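To be precise, the following lines are run_13.pdb, and they hold PDB, C-alpha atoms.
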ATOM      1  CA  MET S   1     144.196 139.883  -1.266
ATOM      2  CA  GLU S   2     141.831 137.575   0.602
ATOM      3  CA  TYR S   3     141.031 138.532   4.201
ATOM      4  CA  LEU S   4     142.559 135.400   5.739
ATOM      5  CA  ASP S   5     145.765 135.860   3.726
ATOM      6  CA  TYR S   6     145.974 139.435   4.996
ATOM      7  CA  TYR S   7     145.326 138.209   8.538
ATOM      8  CA  GLN S   8     148.163 135.672   8.318
ATOM      9  CA  ILE S   9     150.603 138.413   7.269
ATOM     10  CA  LEU S  10     149.563 140.618  10.189
ATOM     11  CA  LYS S  11     149.904 137.734  12.635
ATOM     12  CA  LYS S  12     153.288 136.581  11.339
ATOM     13  CA  ASP S  13     154.850 140.026  11.632
ATOM     14  CA  SER S  14     153.249 140.838  15.031
ATOM     15  CA  PHE S  15     151.836 143.904  13.300
ATOM     16  CA  ILE S  16     149.029 144.537  15.781
ATOM     17  CA  GLU S  17     151.311 144.246  18.811
ATOM     18  CA  ASN S  18     153.893 146.564  17.285
ATOM     19  CA  ILE S  19     151.410 149.288  16.353
ATOM     20  CA  ILE S  20     149.856 149.126  19.827
ATOM     21  CA  ARG S  21     153.253 149.605  21.444
ATOM     22  CA  GLU S  22     154.112 152.492  19.136
ATOM     23  CA  GLN S  23     150.861 154.436  19.184
ATOM     24  CA  LEU S  24     148.790 153.553  22.256
ATOM     25  CA  THR S  25     149.827 154.766  25.678
ATOM     26  CA  GLY S  26     149.624 152.101  28.340
ATOM     27  CA  GLN S  27     150.800 151.763  31.905
ATOM     28  CA  LYS S  28     154.059 149.833  31.918
ATOM     29  CA  LYS S  29     154.602 147.398  34.785
ATOM     30  CA  GLN S  30     157.484 145.198  35.866
ATOM     31  CA  ILE S  31     156.832 142.059  37.896
ATOM     32  CA  LYS S  32     159.481 140.066  39.727
ATOM     33  CA  PRO S  33     159.658 136.255  39.561
ATOM     34  CA  GLY S  34     157.170 134.736  41.995
ATOM     35  CA  GLU S  35     155.225 137.981  42.388
ATOM     36  CA  ARG S  36     151.451 137.724  41.990
ATOM     37  CA  ILE S  37     149.116 140.394  40.661
ATOM     38  CA  PHE S  38     145.422 140.744  39.959
ATOM     39  CA  LEU S  39     144.229 141.704  36.507
ATOM     40  CA  GLU S  40     141.616 144.305  37.263
ATOM     41  CA  LYS S  41     138.206 144.336  35.616
ATOM     42  CA  ASP S  42     137.928 145.952  32.166
ATOM     43  CA  ARG S  43     141.677 145.826  31.585
ATOM     44  CA  ILE S  44     143.834 144.279  28.878
ATOM     45  CA  LEU S  45     147.488 143.331  29.352
ATOM     46  CA  LEU S  46     150.083 142.948  26.615
ATOM     47  CA  ILE S  47     153.275 141.128  27.611
ATOM     48  CA  ASP S  48     156.420 142.847  26.342
ATOM     49  CA  ARG S  49     158.803 140.287  27.789
ATOM     50  CA  GLY S  50     158.635 137.407  30.230
ATOM     51  CA  ALA S  51     156.134 134.747  31.257
ATOM     52  CA  LEU S  52     152.977 134.701  33.375
ATOM     53  CA  VAL S  53     150.703 131.921  34.538
ATOM     54  CA  LEU S  54     147.027 132.059  35.419
ATOM     55  CA  CYS S  55     146.620 130.808  38.986
ATOM     56  CA  SER S  56     143.918 129.111  41.008
ATOM     57  CA  GLY S  57     145.337 128.585  44.467
ATOM     58  CA  ASN S  58     148.470 126.471  44.046
ATOM     59  CA  THR S  59     147.391 125.232  40.607
ATOM     60  CA  PHE S  60     148.532 126.789  37.350
ATOM     61  CA  LEU S  61     145.792 126.895  34.715
ATOM     62  CA  ARG S  62     147.461 128.446  31.680
ATOM     63  CA  SER S  63     150.732 130.053  30.606
ATOM     64  CA  PHE S  64     151.290 133.310  28.730
ATOM     65  CA  LYS S  65     154.366 134.541  26.880
ATOM     66  CA  THR S  66     155.715 137.594  25.051
ATOM     67  CA  ASN S  67     153.096 139.177  22.749
ATOM     68  CA  ASP S  68     150.206 137.410  24.496
ATOM     69  CA  TYR S  69     147.189 139.398  25.677
ATOM     70  CA  LEU S  70     145.286 138.853  28.899
ATOM     71  CA  HIS S  71     141.743 140.154  29.176
ATOM     72  CA  ALA S  72     139.405 141.007  32.011
ATOM     73  CA  ILE S  73     136.427 142.229  30.014
ATOM     74  CA  ASP S  74     133.095 141.561  31.695
ATOM     75  CA  PRO S  75     130.025 142.984  29.930
ATOM     76  CA  GLN S  76     127.837 141.613  32.742
ATOM     77  CA  LYS S  77     128.190 144.285  35.392
ATOM     78  CA  ASP S  78     126.396 142.178  38.016
ATOM     79  CA  GLN S  79     128.910 139.328  38.072
ATOM     80  CA  GLY S  80     130.647 140.446  41.247
ATOM     81  CA  ASP S  81     134.301 141.271  41.770
ATOM     82  CA  ARG S  82     135.920 138.125  40.451
ATOM     83  CA  LYS S  83     139.543 138.872  39.606
ATOM     84  CA  ILE S  84     142.148 137.101  37.532
ATOM     85  CA  LEU S  85     145.229 136.107  39.543
ATOM     86  CA  LEU S  86     148.559 135.958  37.708
ATOM     87  CA  GLU S  87     152.059 134.922  38.784
ATOM     88  CA  ALA S  88     155.290 135.951  37.081
ATOM     89  CA  MET S  89     157.550 132.994  36.315
ATOM     90  CA  GLU S  90     160.465 135.235  35.364
ATOM     91  CA  HIS S  91     161.135 138.963  35.280
ATOM     92  CA  THR S  92     158.178 140.213  33.257
ATOM     93  CA  ILE S  93     157.462 143.549  31.599
ATOM     94  CA  LEU S  94     153.932 144.288  30.457
ATOM     95  CA  ARG S  95     151.589 147.069  29.442
ATOM     96  CA  GLU S  96     148.145 147.580  30.946
ATOM     97  CA  TYR S  97     145.351 149.239  28.965
ATOM     98  CA  CYS S  98     141.804 150.352  29.616
ATOM     99  CA  ALA S  99     139.789 147.835  27.601
ATOM    100  CA  GLN S 100     137.451 150.438  26.115
ATOM    101  CA  GLU S 101     140.305 152.668  24.914
ATOM    102  CA  PHE S 102     142.216 149.640  23.624
ATOM    103  CA  LEU S 103     139.291 148.335  21.555
ATOM    104  CA  GLN S 104     138.375 151.789  20.270
ATOM    105  CA  PHE S 105     141.957 152.277  19.106
ATOM    106  CA  LEU S 106     141.937 149.006  17.166
ATOM    107  CA  GLU S 107     138.556 149.878  15.647
ATOM    108  CA  GLN S 108     139.923 153.210  14.414
ATOM    109  CA  LYS S 109     142.879 151.392  12.853
ATOM    110  CA  GLN S 110     140.510 148.845  11.271
ATOM    111  CA  LEU S 111     142.290 146.079  13.164
ATOM    112  CA  LEU S 112     139.616 145.059  15.649
ATOM    113  CA  SER S 113     138.356 142.065  13.659
ATOM    114  CA  ASN S 114     141.934 140.850  13.223
ATOM    115  CA  PHE S 115     142.542 141.108  16.962
ATOM    116  CA  PHE S 116     139.385 139.145  17.768
ATOM    117  CA  LEU S 117     140.223 136.470  15.183
ATOM    118  CA  GLN S 118     143.728 136.127  16.599
ATOM    119  CA  GLU S 119     142.416 135.715  20.143
ATOM    120  CA  LEU S 120     139.714 133.282  18.998
ATOM    121  CA  GLU S 121     142.348 131.164  17.277
ATOM    122  CA  LYS S 122     144.426 130.997  20.459
ATOM    123  CA  ALA S 123     141.379 130.220  22.598
ATOM    124  CA  GLN S 124     140.253 127.411  20.297
ATOM    125  CA  LYS S 125     143.699 125.819  20.323
ATOM    126  CA  TRP S 126     143.920 125.973  24.106
ATOM    127  CA  SER S 127     140.366 124.645  24.550
ATOM    128  CA  TYR S 128     141.110 121.706  22.259
ATOM    129  CA  MET S 129     144.233 120.820  24.239
ATOM    130  CA  GLN S 130     142.354 121.029  27.534
ATOM    131  CA  ALA S 131     139.527 118.835  26.239
ATOM    132  CA  ASN S 132     142.026 116.264  24.964
ATOM    133  CA  ARG S 133     143.808 116.146  28.328
ATOM    134  CA  ILE S 134     140.619 115.060  30.065
ATOM    135  CA  ILE S 135     140.556 111.729  28.213
ATOM    136  CA  ILE S 136     144.246 110.776  28.386
ATOM    137  CA  SER S 137     146.256 109.280  31.227
ATOM    138  CA  THR S 138     148.067 111.409  33.782
ATOM    139  CA  GLU S 139     151.452 110.468  32.288
ATOM    140  CA  GLU S 140     150.256 111.490  28.835
ATOM    141  CA  ARG S 141     148.883 114.741  30.259
ATOM    142  CA  VAL S 142     152.293 115.630  31.691
ATOM    143  CA  ILE S 143     153.880 114.989  28.290
ATOM    144  CA  SER S 144     151.153 117.034  26.573
ATOM    145  CA  VAL S 145     151.800 120.006  28.858
ATOM    146  CA  LEU S 146     155.547 119.713  28.260
ATOM    147  CA  GLN S 147     154.937 119.650  24.499
ATOM    148  CA  GLU S 148     152.965 122.882  24.826
ATOM    149  CA  LEU S 149     155.732 124.517  26.869
ATOM    150  CA  VAL S 150     158.321 123.484  24.283
ATOM    151  CA  GLU S 151     156.224 124.987  21.502
ATOM    152  CA  ARG S 152     155.617 128.237  23.372
ATOM    153  CA  PHE S 153     158.862 128.821  25.266
ATOM    154  CA  GLY S 154     161.491 126.596  23.649
ATOM    155  CA  LYS S 155     164.598 128.275  22.250
ATOM    156  CA  GLU S 156     166.409 126.401  19.502
ATOM    157  CA  VAL S 157     170.058 125.723  20.323
ATOM    158  CA  ALA S 158     170.821 123.102  17.651
ATOM    159  CA  HIS S 159     169.008 121.381  14.822
ATOM    160  CA  GLY S 160     165.987 119.714  16.428
ATOM    161  CA  LYS S 161     167.082 120.635  19.967
ATOM    162  CA  VAL S 162     165.540 123.317  22.156
ATOM    163  CA  ILE S 163     166.148 124.501  25.695
ATOM    164  CA  LEU S 164     163.455 125.643  28.078
ATOM    165  CA  PRO S 165     163.758 128.609  30.458
ATOM    166  CA  LYS S 166     164.953 127.763  33.954
ATOM    167  CA  TRP S 167     161.548 128.439  35.543
ATOM    168  CA  ILE S 168     160.157 125.329  33.846
ATOM    169  CA  LYS S 169     160.845 122.691  36.482
ATOM    170  CA  ILE S 170     159.174 119.570  37.805
ATOM    171  CA  VAL S 171     157.045 121.585  40.223
ATOM    172  CA  THR S 172     155.904 123.885  37.401
ATOM    173  CA  LEU S 173     155.059 120.915  35.202
ATOM    174  CA  ALA S 174     153.098 119.306  38.034
ATOM    175  CA  LYS S 175     151.062 122.455  38.695
ATOM    176  CA  LEU S 176     150.221 122.946  35.006
ATOM    177  CA  SER S 177     149.364 119.244  34.588
ATOM    178  CA  GLY S 178     147.239 119.005  37.712
ATOM    179  CA  CYS S 179     149.242 116.058  39.031
ATOM    180  CA  SER S 180     151.666 115.258  41.844
ATOM    181  CA  ARG S 181     155.343 116.151  41.781
ATOM    182  CA  ASN S 182     156.158 112.437  41.887
ATOM    183  CA  MET S 183     154.197 111.802  38.692
ATOM    184  CA  ALA S 184     155.833 114.748  36.926
ATOM    185  CA  SER S 185     159.242 113.564  38.146
ATOM    186  CA  ARG S 186     158.620 110.029  36.833
ATOM    187  CA  SER S 187     157.678 111.438  33.436
ATOM    188  CA  ILE S 188     160.873 113.491  33.280
ATOM    189  CA  GLN S 189     162.973 110.480  34.288
ATOM    190  CA  TYR S 190     161.306 108.452  31.526
ATOM    191  CA  LEU S 191     162.176 111.132  28.960
ATOM    192  CA  LYS S 192     165.773 111.127  30.169
ATOM    193  CA  LYS S 193     166.018 107.347  29.788
ATOM    194  CA  GLN S 194     164.631 107.647  26.251
ATOM    195  CA  GLY S 195     167.245 110.280  25.406
ATOM    196  CA  ILE S 196     164.530 112.832  24.672
ATOM    197  CA  LEU S 197     165.479 115.146  27.528
ATOM    198  CA  THR S 198     168.872 115.995  28.952
ATOM    199  CA  GLN S 199     169.664 118.453  31.699
ATOM    200  CA  GLU S 200     172.477 120.959  31.783
ATOM    201  CA  LYS S 201     172.642 122.674  35.162
ATOM    202  CA  SER S 202     169.055 123.916  35.671
ATOM    203  CA  LEU S 203     168.002 123.928  32.010
ATOM    204  CA  TRP S 204     166.160 121.182  30.163
ATOM    205  CA  GLU S 205     167.333 120.430  26.632
ATOM    206  CA  ILE S 206     164.783 118.540  24.569
ATOM    207  CA  ASN S 207     164.664 116.697  21.264
ATOM    208  CA  GLU S 208     161.609 118.536  19.971
ATOM    209  CA  LYS S 209     160.602 116.078  17.236
ATOM    210  CA  ALA S 210     160.954 113.012  19.464
ATOM    211  CA  LEU S 211     158.865 114.657  22.172
ATOM    212  CA  ALA S 212     156.189 115.754  19.673
ATOM    213  CA  ASN S 213     155.847 112.172  18.415
ATOM    214  CA  LEU S 214     155.498 110.668  21.880
ATOM    215  CA  TYR S 215     151.994 109.209  22.415
ATOM    216  CA  TYR S 216     150.692 110.887  19.223
TER
END

So, in terms of structure tokens, how does the structure I just supplied come out?
Amino acid sequence: MEYLDYYQILKKDSFIENIIREQLTGQKKQIKPGERIFLEKDRILLIDRGALVLCSGNTFLRSFKTNDYLHAIDPQKDQGDRKILLEAMEHTILREYCAQEFLQFLEQKQLLSNFFLQELEKAQKWSYMQANRIIISTEERVISVLQELVERFGKEVAHGKVILPKWIKIVTLAKLSGCSRNMASRSIQYLKKQGILTQEKSLWEINEKALANLYY
């Protein structure tokens, strides 16, 4: 079997995440919605359940979901005490590992290259989206962020229809898009008029295909 074929099988079945949970002891943590934590240096987090966002002041830089890793590995020991600030968007359960022990474990299991390839793939995808958002309009950027949230957090409820968790609101969309609440609100109202988004109580229901085709 070719290496990349083998890698795709491991990724599809969440093999690495499952073996880590089964065989590597980590410190389990529970974070309440709205609670903020620092990811300490030389630590790796694995999200068991929930959602976190990377924060910079009142701005949200990136979202993380179940089975995502967060790293604070700094080989340059003279870079100061910069810490990664995270906020829980819903009740979140995660595991914290010492980076050195975590990487040594994967090396022993001959899974380290697969882990790095998986994280590189995610980083490349995110970097591409961020670069693309620089050259599009603010309205398009809001839609682009919403498309990402649908892909990452959407739960299918009917053919072609997904719902988003209740923490995804106009204020969340504005913070992740780097725009005002008014702009995010106008974008949501536009989607409602187009029949792409409907709202039931506090949940957004979205026509996934129609949203994916908007502007692209």

Would you tabulate, counting only C-alpha atoms, all residues of stretch 83-166 of chain S that have an atom at most 8 Å from an atom of stretch 19-43 of chain S, showing the closest pair of atoms and their distance in Å to one decimal, sorted by chain then ascending number, as JSON lines?
{"residue": "S:Lys83", "atom": "CA", "partner": "S:Phe38", "partner_atom": "CA", "distance": 6.2}
{"residue": "S:Ile84", "atom": "CA", "partner": "S:Leu39", "partner_atom": "CA", "distance": 5.2}
{"residue": "S:Leu85", "atom": "CA", "partner": "S:Phe38", "partner_atom": "CA", "distance": 4.7}
{"residue": "S:Leu86", "atom": "CA", "partner": "S:Ile37", "partner_atom": "CA", "distance": 5.4}
{"residue": "S:Glu87", "atom": "CA", "partner": "S:Arg36", "partner_atom": "CA", "distance": 4.3}
{"residue": "S:Ala88", "atom": "CA", "partner": "S:Pro33", "partner_atom": "CA", "distance": 5.0}
{"residue": "S:Met89", "atom": "CA", "partner": "S:Pro33", "partner_atom": "CA", "distance": 5.1}
{"residue": "S:Glu90", "atom": "CA", "partner": "S:Pro33", "partner_atom": "CA", "distance": 4.4}
{"residue": "S:His91", "atom": "CA", "partner": "S:Lys32", "partner_atom": "CA", "distance": 4.9}
{"residue": "S:Thr92", "atom": "CA", "partner": "S:Ile31", "partner_atom": "CA", "distance": 5.2}
{"residue": "S:Ile93", "atom": "CA", "partner": "S:Gln30", "partner_atom": "CA", "distance": 4.6}
{"residue": "S:Leu94", "atom": "CA", "partner": "S:Lys29", "partner_atom": "CA", "distance": 5.4}
{"residue": "S:Arg95", "atom": "CA", "partner": "S:Lys28", "partner_atom": "CA", "distance": 4.5}
{"residue": "S:Glu96", "atom": "CA", "partner": "S:Gln27", "partner_atom": "CA", "distance": 5.0}
{"residue": "S:Tyr97", "atom": "CA", "partner": "S:Gly26", "partner_atom": "CA", "distance": 5.2}
{"residue": "S:Cys98", "atom": "CA", "partner": "S:Arg43", "partner_atom": "CA", "distance": 4.9}
{"residue": "S:Ala99", "atom": "CA", "partner": "S:Arg43", "partner_atom": "CA", "distance": 4.8}
{"residue": "S:Gln100", "atom": "CA", "partner": "S:Asp42", "partner_atom": "CA", "distance": 7.5}
{"residue": "S:Phe102", "atom": "CA", "partner": "S:Leu24", "partner_atom": "CA", "distance": 7.8}
{"residue": "S:Phe105", "atom": "CA", "partner": "S:Leu24", "partner_atom": "CA", "distance": 7.6}

Interatomic distance, atom CA of S:Gln194 to atom CA of S:Asn207 (Å, one decimal): 10.3 Å

Output check: residues returned by the PyMOL selection byres ((chain S and resi 118) around 12), as an MDAnalysis selection string: chainID S and resid 4 7:12 14:17 67:69 111:117 119:125

All residues 10 Å or closer to S:Thr59, all atoms listed in the file, same chain fewer than 6 positions away omitted, as a PyMOL selection string: chain S and resi 53+172+174-179

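Relative to atom CA of S:Ser144, atom CA of S:Glu205 is found at 16.5 Å.
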
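From atom CA of S:Gly160 back to atom CA of S:Asp48, the distance works out to 26.9 Å.
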
Given only C-alpha atoms as the counted atoms, nearest of S:Asn182, S:Trp126, S:Glu200, S:Leu173 to S:Val142: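 Under the stated criterion, the closest residue is S:Leu173.
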
Shortest interatomic distance to S:Arg141 - which of S:Glu101, S:Met183, S:Arg62, S:His71, counting all atoms listed in the file: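 Smallest distance to S:Arg141 is found for S:Met183.
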
Matched chain/residue IDs from the PyMOL selection byres ((chain S and resi 143) around 10), as an NGL selection string: :S and (137-142 or 144-149 or 173 or 177 or 184 or 187-188 or 191 or 211-212 or 214-215)

Explicit residue set for the PyMOL selection byres ((chain S and resi 161) around 9), as a PyMOL selection string: chain S and resi 154-160+162-163+205-209

How about saving the chosen residues, C-alpha atoms kept, as a compact mmCIF listing (two decimals), in the coordinates of the input?
# COMPACT_ATOMS: atom_id res chain seq x y z
CA GLY S 154 161.49 126.60 23.65
CA LYS S 155 164.60 128.28 22.25
CA GLU S 156 166.41 126.40 19.50
CA VAL S 157 170.06 125.72 20.32
CA ALA S 158 170.82 123.10 17.65
CA HIS S 159 169.01 121.38 14.82
CA GLY S 160 165.99 119.71 16.43
CA VAL S 162 165.54 123.32 22.16
CA ILE S 163 166.15 124.50 25.70
CA GLU S 205 167.33 120.43 26.63
CA ILE S 206 164.78 118.54 24.57
CA ASN S 207 164.66 116.70 21.26
CA GLU S 208 161.61 118.54 19.97
CA LYS S 209 160.60 116.08 17.24
